[in-house]
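Q: Take a look at final_17.cif, mmCIF, C-alpha atoms:
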```cif
data_data
loop_
_atom_site.group_PDB
_atom_site.id
_atom_site.type_symbol
_atom_site.label_atom_id
_atom_site.label_comp_id
_atom_site.auth_asym_id
_atom_site.auth_seq_id
_atom_site.Cartn_x
_atom_site.Cartn_y
_atom_site.Cartn_z
ATOM 1 C CA MET O 1 73.880 143.123 -48.686
ATOM 2 C CA LYS O 2 77.031 142.835 -50.830
ATOM 3 C CA LYS O 3 77.257 139.181 -49.902
ATOM 4 C CA SER O 4 73.712 138.518 -51.094
ATOM 5 C CA ASN O 5 74.372 140.322 -54.377
ATOM 6 C CA ARG O 6 77.476 138.217 -54.979
ATOM 7 C CA ILE O 7 75.530 135.021 -54.324
ATOM 8 C CA ILE O 8 72.779 136.094 -56.703
ATOM 9 C CA SER O 9 75.323 136.990 -59.397
ATOM 10 C CA LEU O 10 76.985 133.620 -59.017
ATOM 11 C CA ILE O 11 73.675 131.783 -59.334
ATOM 12 C CA LEU O 12 72.810 133.748 -62.455
ATOM 13 C CA THR O 13 76.199 132.967 -64.002
ATOM 14 C CA LEU O 14 75.908 129.247 -63.284
ATOM 15 C CA ILE O 15 72.407 129.060 -64.721
ATOM 16 C CA PHE O 16 73.496 130.908 -67.858
ATOM 17 C CA LEU O 17 76.516 128.666 -68.382
ATOM 18 C CA SER O 18 74.444 125.523 -67.826
ATOM 19 C CA THR O 19 72.261 126.363 -70.813
ATOM 20 C CA ILE O 20 75.175 126.635 -73.241
ATOM 21 C CA ILE O 21 75.566 123.067 -74.496
ATOM 22 C CA PRO O 22 77.174 122.448 -77.873
ATOM 23 C CA THR O 23 75.289 120.346 -80.409
ATOM 24 C CA LYS O 24 77.091 117.158 -81.352
ATOM 25 C CA ILE O 25 77.874 117.059 -85.052
ATOM 26 C CA VAL O 26 78.245 113.657 -86.691
ATOM 27 C CA GLN O 27 80.603 113.650 -89.625
ATOM 28 C CA ALA O 28 79.405 112.394 -92.958
ATOM 29 C CA SER O 29 79.908 108.729 -93.704
ATOM 30 C CA THR O 30 80.192 107.419 -97.228
ATOM 31 C CA ASP O 31 78.067 104.382 -96.449
ATOM 32 C CA PHE O 32 76.120 103.631 -93.279
ATOM 33 C CA ASP O 33 75.739 100.219 -91.670
ATOM 34 C CA ILE O 34 72.129 99.079 -91.550
ATOM 35 C CA LEU O 35 72.687 97.428 -88.169
ATOM 36 C CA SER O 36 74.027 99.841 -85.568
ATOM 37 C CA GLU O 37 73.093 101.893 -82.565
ATOM 38 C CA PRO O 38 71.125 105.040 -83.420
ATOM 39 C CA THR O 39 73.330 107.686 -85.024
ATOM 40 C CA ALA O 40 70.954 110.473 -83.962
ATOM 41 C CA THR O 41 68.376 111.137 -81.275
ATOM 42 C CA VAL O 42 64.645 110.907 -81.783
ATOM 43 C CA GLU O 43 64.506 114.678 -81.303
ATOM 44 C CA GLN O 44 66.917 115.121 -84.213
ATOM 45 C CA MET O 45 64.852 112.768 -86.353
ATOM 46 C CA LYS O 46 61.685 114.730 -85.658
ATOM 47 C CA GLU O 47 63.295 118.131 -86.150
ATOM 48 C CA TRP O 48 64.807 117.023 -89.456
ATOM 49 C CA ALA O 49 61.433 115.787 -90.704
ATOM 50 C CA ARG O 50 59.769 118.976 -89.499
ATOM 51 C CA LYS O 51 62.267 121.122 -91.400
ATOM 52 C CA LYS O 52 61.561 119.058 -94.518
ATOM 53 C CA GLY O 53 57.881 119.899 -94.302
ATOM 54 C CA ALA O 54 56.820 116.374 -93.327
ATOM 55 C CA LYS O 55 53.243 115.552 -92.442
ATOM 56 C CA GLU O 56 52.637 115.674 -88.710
ATOM 57 C CA PHE O 57 51.817 111.954 -88.455
ATOM 58 C CA PHE O 58 55.124 111.129 -90.161
ATOM 59 C CA ILE O 59 57.081 113.243 -87.687
ATOM 60 C CA GLU O 60 55.564 111.212 -84.852
ATOM 61 C CA LEU O 61 56.576 107.910 -86.491
ATOM 62 C CA ALA O 62 60.122 108.638 -85.312
ATOM 63 C CA ASP O 63 59.071 107.593 -81.813
ATOM 64 C CA ILE O 64 57.918 104.189 -83.047
ATOM 65 C CA TYR O 65 61.145 103.574 -84.973
ATOM 66 C CA MET O 66 63.252 104.498 -81.946
ATOM 67 C CA GLU O 67 61.206 102.339 -79.579
ATOM 68 C CA ALA O 68 61.113 99.288 -81.870
ATOM 69 C CA TYR O 69 64.605 98.958 -83.340
ATOM 70 C CA LYS O 70 66.099 96.813 -80.553
ATOM 71 C CA LYS O 71 63.322 94.235 -80.956
ATOM 72 C CA HIS O 72 63.853 94.051 -84.701
ATOM 73 C CA GLY O 73 67.443 93.084 -85.321
ATOM 74 C CA GLY O 74 69.103 96.261 -84.078
ATOM 75 C CA VAL O 75 68.491 98.222 -87.264
ATOM 76 C CA ASN O 76 69.693 101.807 -86.963
ATOM 77 C CA PRO O 77 66.347 103.631 -86.636
ATOM 78 C CA VAL O 78 67.820 106.661 -88.389
ATOM 79 C CA VAL O 79 68.512 104.575 -91.498
ATOM 80 C CA ALA O 80 64.966 103.203 -91.483
ATOM 81 C CA TYR O 81 63.331 106.572 -90.784
ATOM 82 C CA ALA O 82 65.284 108.300 -93.546
ATOM 83 C CA GLN O 83 64.349 105.510 -95.945
ATOM 84 C CA SER O 84 60.710 105.858 -94.956
ATOM 85 C CA ALA O 85 60.920 109.582 -95.675
ATOM 86 C CA LYS O 86 62.317 108.808 -99.103
ATOM 87 C CA GLU O 87 59.731 106.127 -99.873
ATOM 88 C CA THR O 88 56.692 108.089 -98.655
ATOM 89 C CA GLY O 89 57.712 111.637 -99.518
ATOM 90 C CA TYR O 90 57.848 112.545 -95.812
ATOM 91 C CA GLY O 91 54.368 111.100 -95.369
ATOM 92 C CA LYS O 92 52.864 112.978 -98.311
ATOM 93 C CA PHE O 93 52.970 109.905 -100.557
ATOM 94 C CA GLY O 94 51.741 111.031 -103.989
ATOM 95 C CA GLY O 95 52.207 107.693 -105.745
ATOM 96 C CA VAL O 96 49.965 104.645 -105.782
ATOM 97 C CA LEU O 97 49.910 104.435 -101.967
ATOM 98 C CA ASP O 98 48.419 106.767 -99.409
ATOM 99 C CA GLU O 99 48.425 107.127 -95.640
ATOM 100 C CA SER O 100 45.658 104.539 -95.220
ATOM 101 C CA TYR O 101 48.058 101.728 -96.174
ATOM 102 C CA LYS O 102 50.152 102.408 -93.060
ATOM 103 C CA ASN O 103 53.004 101.141 -95.201
ATOM 104 C CA PRO O 104 56.120 103.193 -94.382
ATOM 105 C CA CYS O 105 58.432 101.825 -97.041
ATOM 106 C CA GLY O 106 56.509 100.518 -100.060
ATOM 107 C CA LEU O 107 56.542 96.851 -99.049
ATOM 108 C CA LYS O 108 54.594 94.646 -101.429
ATOM 109 C CA THR O 109 52.359 91.697 -100.682
ATOM 110 C CA ASN O 110 53.730 88.173 -100.669
ATOM 111 C CA SER O 111 52.634 87.700 -104.280
ATOM 112 C CA GLY O 112 54.034 91.082 -105.335
ATOM 113 C CA GLY O 113 53.231 92.774 -108.601
ATOM 114 C CA ASP O 114 53.850 95.938 -110.577
ATOM 115 C CA ASP O 115 55.154 99.032 -108.773
ATOM 116 C CA LYS O 116 52.229 101.037 -110.144
ATOM 117 C CA ASP O 117 49.624 98.558 -108.928
ATOM 118 C CA PRO O 118 48.231 99.630 -105.530
ATOM 119 C CA ASN O 119 46.934 96.098 -104.920
ATOM 120 C CA ALA O 120 50.478 94.782 -105.161
ATOM 121 C CA HIS O 121 51.379 96.678 -101.987
ATOM 122 C CA HIS O 122 50.633 95.466 -98.487
ATOM 123 C CA ARG O 123 48.096 97.159 -96.229
ATOM 124 C CA PHE O 124 49.008 97.107 -92.556
ATOM 125 C CA ASN O 125 46.587 97.408 -89.655
ATOM 126 C CA SER O 126 48.659 100.001 -87.807
ATOM 127 C CA TRP O 127 51.820 102.053 -88.154
ATOM 128 C CA GLU O 128 53.409 99.920 -85.455
ATOM 129 C CA GLU O 129 52.770 96.840 -87.601
ATOM 130 C CA GLY O 130 54.093 98.515 -90.740
ATOM 131 C CA ILE O 131 57.226 99.804 -89.032
ATOM 132 C CA SER O 132 57.905 96.381 -87.496
ATOM 133 C CA ALA O 133 57.729 94.885 -90.993
ATOM 134 C CA HIS O 134 60.047 97.578 -92.349
ATOM 135 C CA LEU O 135 62.642 96.988 -89.630
ATOM 136 C CA ASP O 136 62.414 93.200 -90.036
ATOM 137 C CA HIS O 137 62.918 93.478 -93.791
ATOM 138 C CA LEU O 138 66.024 95.625 -93.311
ATOM 139 C CA ALA O 139 67.319 93.319 -90.578
ATOM 140 C CA LEU O 140 66.885 90.346 -92.914
ATOM 141 C CA TYR O 141 68.845 92.086 -95.668
ATOM 142 C CA ALA O 142 71.587 92.950 -93.185
ATOM 143 C CA GLY O 143 71.853 89.391 -91.848
ATOM 144 C CA ALA O 144 70.843 90.145 -88.267
ATOM 145 C CA ASP O 145 71.104 87.373 -85.674
ATOM 146 C CA SER O 146 68.065 85.057 -85.420
ATOM 147 C CA TYR O 147 66.830 86.082 -88.869
ATOM 148 C CA PRO O 148 64.748 85.141 -90.740
ATOM 149 C CA ARG O 149 62.167 85.095 -87.957
ATOM 150 C CA LYS O 150 58.775 83.451 -87.772
ATOM 151 C CA ASP O 151 56.923 86.118 -85.795
ATOM 152 C CA THR O 152 57.123 88.927 -88.308
ATOM 153 C CA THR O 153 54.642 91.224 -90.001
ATOM 154 C CA ASP O 154 56.944 91.428 -93.032
ATOM 155 C CA PRO O 155 54.951 89.912 -95.939
ATOM 156 C CA ARG O 156 58.099 89.212 -97.974
ATOM 157 C CA HIS O 157 60.309 87.695 -95.292
ATOM 158 C CA SER O 158 62.174 85.220 -97.474
ATOM 159 C CA ALA O 159 65.290 83.401 -96.297
ATOM 160 C CA SER O 160 66.808 84.016 -99.727
ATOM 161 C CA LEU O 161 67.255 87.693 -98.783
ATOM 162 C CA LEU O 162 69.355 86.981 -95.691
ATOM 163 C CA GLY O 163 72.612 88.931 -95.666
ATOM 164 C CA LYS O 164 72.145 90.489 -99.101
ATOM 165 C CA ALA O 165 72.957 94.021 -97.899
ATOM 166 C CA ASN O 166 74.637 95.013 -94.648
ATOM 167 C CA LYS O 167 75.165 98.619 -95.728
ATOM 168 C CA VAL O 168 72.915 101.239 -97.269
ATOM 169 C CA SER O 169 74.749 100.926 -100.582
ATOM 170 C CA GLY O 170 73.551 97.332 -100.859
ATOM 171 C CA LEU O 171 69.913 98.425 -100.969
ATOM 172 C CA GLU O 172 70.374 99.895 -104.427
ATOM 173 C CA GLY O 173 69.329 97.263 -106.922
ATOM 174 C CA LEU O 174 67.522 95.248 -104.245
ATOM 175 C CA TRP O 175 65.101 97.572 -102.505
ATOM 176 C CA ALA O 176 65.018 100.024 -105.376
ATOM 177 C CA THR O 177 66.513 99.946 -108.852
ATOM 178 C CA ALA O 178 66.805 103.709 -109.309
ATOM 179 C CA GLN O 179 70.377 104.840 -109.849
ATOM 180 C CA GLY O 180 71.603 107.004 -106.992
ATOM 181 C CA TYR O 181 69.092 105.574 -104.499
ATOM 182 C CA ALA O 182 71.776 104.627 -101.973
ATOM 183 C CA SER O 183 73.807 107.824 -102.234
ATOM 184 C CA GLN O 184 70.660 109.903 -101.775
ATOM 185 C CA LEU O 185 69.633 107.843 -98.758
ATOM 186 C CA ASN O 186 73.097 108.112 -97.208
ATOM 187 C CA ALA O 187 72.960 111.883 -97.692
ATOM 188 C CA MET O 188 69.583 112.021 -95.935
ATOM 189 C CA ILE O 189 70.983 110.059 -92.988
ATOM 190 C CA VAL O 190 73.857 112.537 -92.698
ATOM 191 C CA GLU O 191 71.309 115.359 -92.603
ATOM 192 C CA VAL O 192 69.437 113.706 -89.740
ATOM 193 C CA ASN O 193 72.645 113.087 -87.810
ATOM 194 C CA ASN O 194 73.710 116.723 -88.154
ATOM 195 C CA THR O 195 70.350 118.277 -87.330
ATOM 196 C CA SER O 196 70.552 120.827 -84.519
ATOM 197 C CA ILE O 197 67.813 121.025 -81.918
ATOM 198 C CA PRO O 198 66.585 124.555 -81.139
ATOM 199 C CA LYS O 199 67.174 125.532 -77.540
ATOM 200 C CA LYS O 200 64.123 126.262 -75.475
ATOM 201 C CA PRO O 201 64.281 129.716 -73.892
ATOM 202 C CA SER O 202 65.533 129.637 -70.317
ATOM 203 C CA MET O 203 63.445 131.379 -67.679
ATOM 204 C CA MET O 204 64.409 132.400 -64.185
ATOM 205 C CA ARG O 205 63.491 134.625 -61.299
ATOM 206 C CA VAL O 206 65.510 135.563 -58.236
ATOM 207 C CA ASP O 207 63.714 137.569 -55.574
ATOM 208 C CA ASN O 208 65.359 140.312 -53.588
ATOM 209 C CA PRO O 209 66.864 139.184 -50.284
ATOM 210 C CA THR O 210 64.274 139.173 -47.510
ATOM 211 C CA GLY O 211 66.697 140.467 -44.939
ATOM 212 C CA GLU O 212 69.638 139.451 -42.828
ATOM 213 C CA VAL O 213 69.140 137.429 -39.666
ATOM 214 C CA GLU O 214 72.165 136.498 -37.568
ATOM 215 C CA GLY O 215 74.506 136.898 -40.530
ATOM 216 C CA ASN O 216 72.371 134.818 -42.923
ATOM 217 C CA VAL O 217 70.664 136.218 -45.988
ATOM 218 C CA GLU O 218 67.740 134.293 -47.475
ATOM 219 C CA VAL O 219 67.404 134.433 -51.247
ATOM 220 C CA TYR O 220 64.532 132.747 -53.103
ATOM 221 C CA GLY O 221 64.127 132.083 -56.797
ATOM 222 C CA TRP O 222 63.651 129.537 -59.549
ATOM 223 C CA ALA O 223 65.011 128.720 -62.986
ATOM 224 C CA LEU O 224 63.908 126.562 -65.920
ATOM 225 C CA ASN O 225 66.195 125.288 -68.656
ATOM 226 C CA ASP O 226 66.492 122.266 -70.959
ATOM 227 C CA ALA O 227 70.043 121.368 -69.988
ATOM 228 C CA GLY O 228 69.091 118.723 -67.450
ATOM 229 C CA ILE O 229 70.828 120.535 -64.579
ATOM 230 C CA LYS O 230 69.558 119.100 -61.310
ATOM 231 C CA GLU O 231 71.815 120.869 -58.844
ATOM 232 C CA VAL O 232 73.844 124.077 -58.611
ATOM 233 C CA LYS O 233 76.610 124.276 -56.021
ATOM 234 C CA ILE O 234 77.120 127.740 -54.552
ATOM 235 C CA TYR O 235 80.520 129.074 -53.485
ATOM 236 C CA LEU O 236 81.511 132.413 -52.014
ATOM 237 C CA ASP O 237 85.166 133.396 -51.734
ATOM 238 C CA ASP O 238 86.119 129.777 -52.517
ATOM 239 C CA LYS O 239 83.964 128.549 -49.655
ATOM 240 C CA TYR O 240 81.190 126.055 -50.376
ATOM 241 C CA LEU O 241 77.897 127.409 -49.084
ATOM 242 C CA GLY O 242 75.525 124.694 -50.236
ATOM 243 C CA SER O 243 73.473 123.499 -53.173
ATOM 244 C CA ALA O 244 70.405 124.889 -54.849
#
```
Please, can you express the file's structure as structure tokens?
A:
Amino acid sequence: MKKSNRIISLILTLIFLSTIIPTKIVQASTDFDILSEPTATVEQMKEWARKKGAKEFFIELADIYMEAYKKHGGVNPVVAYAQSAKETGYGKFGGVLDESYKNPCGLKTNSGGDDKDPNAHHRFNSWEEGISAHLDHLALYAGADSYPRKDTTDPRHSASLLGKANKVSGLEGLWATAQGYASQLNAMIVEVNNTSIPKKPSMMRVDNPTGEVEGNVEVYGWALNDAGIKEVKIYLDDKYLGSA
């Protein structure tokens, strides 16, 4: 029976250790590139928005940004999502636009107009369409390959904007004239990158040994954790016994 207890203890230890995974912390950058691989996961994006009190529909927009960025110039989806949070008040809006516009970044119509004129802003048919336009507009600013493009939902996709801003700092004075726009946006991106994801509670059960037959002890049990562990190798006295 001592052997079975040692095996059970070893399994418990391995399962416990497998759930202890450090959260990757991304150091602050003074100015983020608009075109880059994602600097955070979609889970971090959602958790950050959730902690900021974002509307539920806005939290879910993170999935669309993450799924679409490769097809739209390789814009860092974290940059775009943080900018959308800034432009829409985390989906609460409060300005001349509301959720019905499905406009994630305040894009205006081709003819444009005053910032306070709701008719000067473009209405999109879906959030997917609005986010595609947002990413294309950022990709155009950043000078992405194959831009400007013909198949875009961006209503202001002018070749004159190509390469005007390859970093977040370049958006100040172009996308928005407010002083401090870029530094605030960069700070928001840092927050997303450094957001920790709460660990889901691990659950497990190991039944008592059913008995010993010809020197073998059968032990049954199960464990659930969010660490992605697919296999646990079991050793006893430095001897490999098998996998579970």
Q: Care to translate the PyMOL selection byres ((chain O and resi 45) around 8) into actual residues of this file, as a short mmCIF file (atom, residue, chain, number, x, y, z; two decimals) with C-alpha atoms, in the frame of the given file?
A:
```cif
data_model
loop_
_atom_site.label_atom_id
_atom_site.label_comp_id
_atom_site.auth_asym_id
_atom_site.auth_seq_id
_atom_site.Cartn_x
_atom_site.Cartn_y
_atom_site.Cartn_z
CA ALA O 40 70.95 110.47 -83.96
CA THR O 41 68.38 111.14 -81.28
CA VAL O 42 64.64 110.91 -81.78
CA GLU O 43 64.51 114.68 -81.30
CA GLN O 44 66.92 115.12 -84.21
CA LYS O 46 61.68 114.73 -85.66
CA GLU O 47 63.30 118.13 -86.15
CA TRP O 48 64.81 117.02 -89.46
CA ALA O 49 61.43 115.79 -90.70
CA ILE O 59 57.08 113.24 -87.69
CA ALA O 62 60.12 108.64 -85.31
CA VAL O 78 67.82 106.66 -88.39
CA TYR O 81 63.33 106.57 -90.78
CA VAL O 192 69.44 113.71 -89.74
CA ASN O 193 72.64 113.09 -87.81
CA THR O 195 70.35 118.28 -87.33
#
```
Q: Could you check which of O:Asn110, O:Ser100, O:Thr30, O:Ser146 is closest to Gly73 (chain O), using only C-alpha atoms?
A: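 Ranked by minimum distance to Gly73 (chain O), first place goes to O:Ser146.
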Q: Enumerate, as a PyMOL selection string, the residues matched when the PyMOL selection byres ((chain O and resi 68) around 9) is run on the file above.
A: chain O and resi 63-67+69-72+74+77+128+131-132+135
Q: Write the residues you've just listed into a file as a tab-separated table (two decimals), keeping the file's coordinate frame, and include C-alpha atoms for each of them.
A:
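And here's result.tsv as it stands now:
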```
chain	number	residue	atom	x	y	z
O	63	ASP	CA	59.07	107.59	-81.81
O	64	ILE	CA	57.92	104.19	-83.05
O	65	TYR	CA	61.14	103.57	-84.97
O	66	MET	CA	63.25	104.50	-81.95
O	67	GLU	CA	61.21	102.34	-79.58
O	69	TYR	CA	64.60	98.96	-83.34
O	70	LYS	CA	66.10	96.81	-80.55
O	71	LYS	CA	63.32	94.24	-80.96
O	72	HIS	CA	63.85	94.05	-84.70
O	74	GLY	CA	69.10	96.26	-84.08
O	77	PRO	CA	66.35	103.63	-86.64
O	128	GLU	CA	53.41	99.92	-85.46
O	131	ILE	CA	57.23	99.80	-89.03
O	132	SER	CA	57.90	96.38	-87.50
O	135	LEU	CA	62.64	96.99	-89.63
```
Q: Which of these, O:Gly130, O:Gly94, O:Gly113, O:Gly163, has the shortest distance to Gly143 (chain O) once you count all atoms listed in the file?
A: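 Using all atoms listed in the file, Gly143 (chain O) sits closest to O:Gly163.
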Q: Identify which of the residues O:Asp31, O:Ala82, O:Gln184, O:Asp136 lies closest to Leu162 (chain O), counting all atoms listed in the file when measuring atom-to-atom distances.
A: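 Checking each candidate against Leu162 (chain O), we get O:Asp136 as the closest.
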Q: CA of Ser160 (chain O) and CA of Leu174 (chain O), how far apart in Å?
A: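 Computing the Euclidean distance for CA of Leu174 (chain O) and CA of Ser160 (chain O) yields 12.1 Å.
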Q: Return the single residue from O:Thr88, O:Asn186, O:Asn103, O:Thr109 that is closest to Ser126 (chain O), with distances computed using only C-alpha atoms.
A: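 Of O:Thr88, O:Asn186, O:Asn103, O:Thr109, the one nearest Ser126 (chain O), counting only C-alpha atoms, is O:Asn103.
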Q: Residues within 8 Å of Ser243 (chain O), please, as a PyMOL selection string. Count all atoms listed in the file; anything in the same chain fewer than 2 positions from it doesn't count.
A: chain O and resi 231-234+241
Q: Figure out the distance between CA of Ser36 (chain O) and CA of His137 (chain O), please, to one decimal in Å.
A: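 Atom-to-atom, CA of His137 (chain O) and CA of Ser36 (chain O) are spaced 15.2 Å apart.
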Q: Counting all atoms listed in the file, figure out which residue out of O:Lys102, O:Ala165, O:Lys51, O:Lys92 gets nearest to Pro198 (chain O).
A: O:Lys51
